[in-house]
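Right, one structure below, let's go through it.
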Amino acid sequence: MNDLMLKYRPQSMSEVWGNEKIKSVWDGFVKSRSFPKAILLRGGYGSGKTTLGRIMGRDIVECLPKGMCSTDGLFEYDSVGVDIEMVRRVMDIRNFHHGVIVRFFDEIHRMPEKSQEVLLKPIEESENIYFILATSNPEKVDGGIISRCAEFEVENPSFEFLTDELLKIAKLEGVQLTREEALEIVECSNGSPRKSLINLQLKINYF
């Protein structure tokens with residue numbers, strides 16, 4: 001069986017589980033083709049921050065005018081490995097590139113403190129570079145970075161919503177699952193969409 005977490009990961013904002021307020025606000029940005037230069041996604045582990053960040057990044061790239069440079073697009077970074085020199089390269093690119101670039105730093109709180117400090121300037125000054133940051137620990141994110149961002153609180157969907165989704169997925173996979181079993185999976189997963197899918201796969205494969 002395919003990895004359910006990957007197979008059913010949302011690919012567009014309309015497919016995102018819950019978070020209707022974020023979806024509504026984002027729909028307005030897309031329609032106006034005007035986006036915040038920096039976005040901070042806050043939420044617990046497995047709530048869908050990375051998925052939202054990728055969708056937002058693709059929307060920005062697709063909606064805004066393209067440049068001629070082959071580096072147009074969305075670039076995702078593991079914040080643990082982002083050193084000061086890498087941040088400086090992000091700053092330098094604005095001097096010669098005129099296309100749209102989205103830099104997505106996942107789990108930004110894991111970026112070294114000095115690298116976060118250097119990131120402040122490009123977030124504020126880069127005209128053609130958009131920044132999407134995600135964190136499960138905003139207390140460890142530089143206050144200056146937070147002050148420059150449009151913030152979105154990513155929340156787990158309701159247990160009822162997740163239960164319904166697991167039942168739909170089980171049906172698509174040709175697996176019998178009662179509502180009580182689906183709710184038990186959601187409860188054991190503490191309402192996390194990612195963990196719910198992982199535990200659903202465990203139940204299908206091993207129980």
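The way I read the labels, and the way they are meant: chains A, B, ... in the order of the structure tokens, residue 1 as the first residue of every chain, and ligand 1 as the first ligand shown, with later ones counted on from there.
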
Nearby residues (only C-alpha atoms) at most 10 Å from range 172-189 of chain A, same-chain spacing under 4 positions excluded, as an mmCIF file with C-alpha atoms, in the first residue's frame:
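Result written to around21.cif:
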data_model
loop_
_atom_site.group_PDB
_atom_site.id
_atom_site.type_symbol
_atom_site.label_atom_id
_atom_site.label_comp_id
_atom_site.auth_asym_id
_atom_site.auth_seq_id
_atom_site.Cartn_x
_atom_site.Cartn_y
_atom_site.Cartn_z
ATOM 1 C CA MET A 1 0.000 0.000 0.000
ATOM 2 C CA ASN A 2 1.186 3.512 -0.790
ATOM 3 C CA LEU A 4 -1.144 7.388 2.975
ATOM 4 C CA GLY A 46 1.859 17.459 12.239
ATOM 5 C CA SER A 158 -11.843 19.091 14.666
ATOM 6 C CA PHE A 159 -11.982 15.431 15.685
ATOM 7 C CA GLU A 160 -15.258 15.123 13.790
ATOM 8 C CA PHE A 161 -13.703 16.473 10.596
ATOM 9 C CA LEU A 162 -10.681 14.169 10.873
ATOM 10 C CA THR A 163 -12.897 11.183 11.580
ATOM 11 C CA ASP A 164 -14.906 11.889 8.431
ATOM 12 C CA GLU A 165 -11.720 12.212 6.367
ATOM 13 C CA LEU A 166 -10.292 8.931 7.647
ATOM 14 C CA LEU A 167 -13.528 7.166 6.773
ATOM 15 C CA LYS A 168 -13.370 8.599 3.238
ATOM 16 C CA PRO A 193 -3.660 15.175 10.609
ATOM 17 C CA ARG A 194 -0.234 13.690 9.900
ATOM 18 C CA LYS A 195 -0.284 11.326 12.865
ATOM 19 C CA SER A 196 -3.865 10.302 12.064
ATOM 20 C CA LEU A 197 -2.827 9.168 8.595
ATOM 21 C CA ILE A 198 0.212 7.350 9.950
ATOM 22 C CA ASN A 199 -1.902 5.542 12.545
ATOM 23 C CA LEU A 200 -4.583 4.731 9.989
ATOM 24 C CA LEU A 202 -0.685 1.110 10.875
ATOM 25 C CA LYS A 203 -4.183 -0.124 11.627
ATOM 26 C CA ILE A 204 -4.804 -1.144 8.006
#

Each residue of range 44-151 of chain A with at least one atom at most 12 Å from range 12-16 of chain A should appear once, together with its nearest atom pair and the corresponding distance in Å (one decimal); atoms considered: only C-alpha atoms; ordering: chain, then increasing residue number; output as a Markdown table.
| residue | atom | partner | partner_atom | distance |
| --- | --- | --- | --- | --- |
| A:Ser47 | CA | A:Val16 | CA | 10.6 |
| A:Gly48 | CA | A:Val16 | CA | 8.3 |
| A:Lys49 | CA | A:Val16 | CA | 10.5 |
| A:Thr50 | CA | A:Val16 | CA | 11.5 |
| A:Thr51 | CA | A:Val16 | CA | 8.3 |
| A:Leu52 | CA | A:Met13 | CA | 7.5 |
| A:Gly53 | CA | A:Met13 | CA | 10.2 |
| A:Arg54 | CA | A:Ser12 | CA | 9.2 |
| A:Ile55 | CA | A:Ser12 | CA | 5.9 |
| A:Met56 | CA | A:Met13 | CA | 7.9 |
| A:Gly57 | CA | A:Ser12 | CA | 10.8 |
| A:Arg58 | CA | A:Ser12 | CA | 9.1 |
| A:Asp59 | CA | A:Ser12 | CA | 8.7 |

Practice task
Name the residues of range 52-183 of chain A that come out as helix (DSSP H, G or I) in a backbone DSSP run; write them as a ChimeraX atom specification.
Solution key: /A:52-63,79-81,84-95,108-110,113-125,138-140,143-147,159-172,179-183

Handout entry: Two-atom distance - CA of Trp26 in chain A, CA of Glu155 in chain A (Å)
Key =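 Separating CA of Trp26 in chain A from CA of Glu155 in chain A is a distance of 15.4 Å.
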
Practice task
Please provide as JSON, numbers by chain all residues within 6 Å of range 41-43 of chain A, with the sequence filter that same-chain residues fewer than 4 positions apart are discarded (counting only C-alpha atoms).
Solution key: {"A": [134, 135, 136, 152, 153, 154]}

Problem - Shell around Tyr77 in chain A at 7 Å using only C-alpha atoms, local window under 4 positions removed, as a ChimeraX atom specification - result: /A:104-106

Let's have the selection written as a compact mmCIF listing (two decimals), in the first residue's frame, with N, CA and C atoms.
# COMPACT_ATOMS: atom_id res chain seq x y z
N PHE A 104 11.36 29.18 1.33
CA PHE A 104 10.57 28.56 2.40
C PHE A 104 11.53 27.94 3.41
N PHE A 105 11.57 28.52 4.61
CA PHE A 105 12.41 28.00 5.69
C PHE A 105 11.50 27.26 6.67
N ASP A 106 11.55 25.94 6.63
CA ASP A 106 10.72 25.13 7.52
C ASP A 106 11.38 25.03 8.89

Exercise for the section: Go through chain A and collect every residue that DSSP, computed from the backbone, puts in strand (DSSP E); the answer should be as a ChimeraX atom specification. Expected result: /A:38-42,73-78,101-106,129-135,150-153

Exercise for the section: For Val80 in chain A, work out the shell of residues within 9 Å, counting only C-alpha atoms and skipping chain neighbours fewer than 3 positions away, then give it as a PyMOL selection string. Expected result: chain A and resi 77+83+107-112

Store the residues of this selection in a file with C-alpha atoms, as an mmCIF file, in the first residue's frame.
data_model
loop_
_atom_site.group_PDB
_atom_site.id
_atom_site.type_symbol
_atom_site.label_atom_id
_atom_site.label_comp_id
_atom_site.auth_asym_id
_atom_site.auth_seq_id
_atom_site.Cartn_x
_atom_site.Cartn_y
_atom_site.Cartn_z
ATOM 1 C CA TYR A 77 15.400 24.828 3.163
ATOM 2 C CA ASP A 83 24.380 29.191 8.040
ATOM 3 C CA GLU A 107 11.048 24.980 11.329
ATOM 4 C CA ILE A 108 12.723 28.404 11.333
ATOM 5 C CA HIS A 109 13.320 28.192 15.105
ATOM 6 C CA ARG A 110 16.032 25.613 14.371
ATOM 7 C CA MET A 111 18.023 28.134 12.354
ATOM 8 C CA PRO A 112 21.062 29.359 14.341
#

Handout entry: Residue nearest Glu125 in chain A among A:Val25, A:Ala38, A:Val82, A:Leu74 (counting only C-alpha atoms)
Key = A:Ala38

Exercise for the section: Would you mind telling me which residue in A:Ile39, A:Val102, A:Glu151, A:Ile145 lies nearest to Asn128 in chain A when using only C-alpha atoms? Expected result: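 The shortest atom-to-atom distance to Asn128 in chain A comes from A:Val102.
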
Listing only residues of range 18-91 of chain A within 12 Å of range 113-118 of chain A, what is the closest atom pair and its distance in Å (to one decimal) for each, using only C-alpha atoms, sorted by chain and residue number ascending, as a tab-separated table?
residue	atom	partner	partner_atom	distance
A:Ser79	CA	A:Ser115	CA	9.5
A:Val80	CA	A:Ser115	CA	10.2
A:Gly81	CA	A:Ser115	CA	10.1
A:Val82	CA	A:Ser115	CA	7.1
A:Asp83	CA	A:Ser115	CA	5.7
A:Ile84	CA	A:Ser115	CA	4.8
A:Glu85	CA	A:Ser115	CA	8.4
A:Met86	CA	A:Ser115	CA	8.6
A:Val87	CA	A:Val118	CA	6.7
A:Arg88	CA	A:Val118	CA	7.4
A:Arg89	CA	A:Val118	CA	10.9
A:Val90	CA	A:Val118	CA	10.2
A:Met91	CA	A:Val118	CA	9.2

Next, write the just-selected residues to a file, as a short mmCIF file (atom, residue, chain, number, x, y, z; two decimals), in the first residue's frame, keeping C-alpha atoms as the atom set.
data_model
loop_
_atom_site.label_atom_id
_atom_site.label_comp_id
_atom_site.auth_asym_id
_atom_site.auth_seq_id
_atom_site.Cartn_x
_atom_site.Cartn_y
_atom_site.Cartn_z
CA SER A 79 16.64 25.52 8.73
CA VAL A 80 19.11 23.46 10.77
CA GLY A 81 21.65 23.67 7.95
CA VAL A 82 21.21 27.36 7.10
CA ASP A 83 24.38 29.19 8.04
CA ILE A 84 25.19 32.89 7.74
CA GLU A 85 26.83 32.51 4.31
CA MET A 86 23.70 30.91 2.88
CA VAL A 87 21.58 33.77 4.19
CA ARG A 88 23.99 36.26 2.62
CA ARG A 89 23.61 34.52 -0.74
CA VAL A 90 19.87 35.05 -0.41
CA MET A 91 20.61 38.76 0.08
#

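Between CA of Cys63 in chain A and CA of Lys37 in chain A there is a distance of 14.0 Å.
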
Handout entry: Pick from A:Lys7, A:Gly44, A:Ile60, A:Ile22 nearest to Pro138 in chain A, counting only C-alpha atoms
Key = A:Gly44

Handout entry: Residue among A:Ile169, A:Leu64, A:Met5, A:Cys149 lying closest to Leu120 in chain A, counting only C-alpha atoms
Key = A:Cys149

Problem - Length of the CA of Trp17 in chain A to CA of Phe29 in chain A vector [Å] - result: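 CA of Phe29 in chain A lies at a distance of 19.2 Å from CA of Trp17 in chain A.
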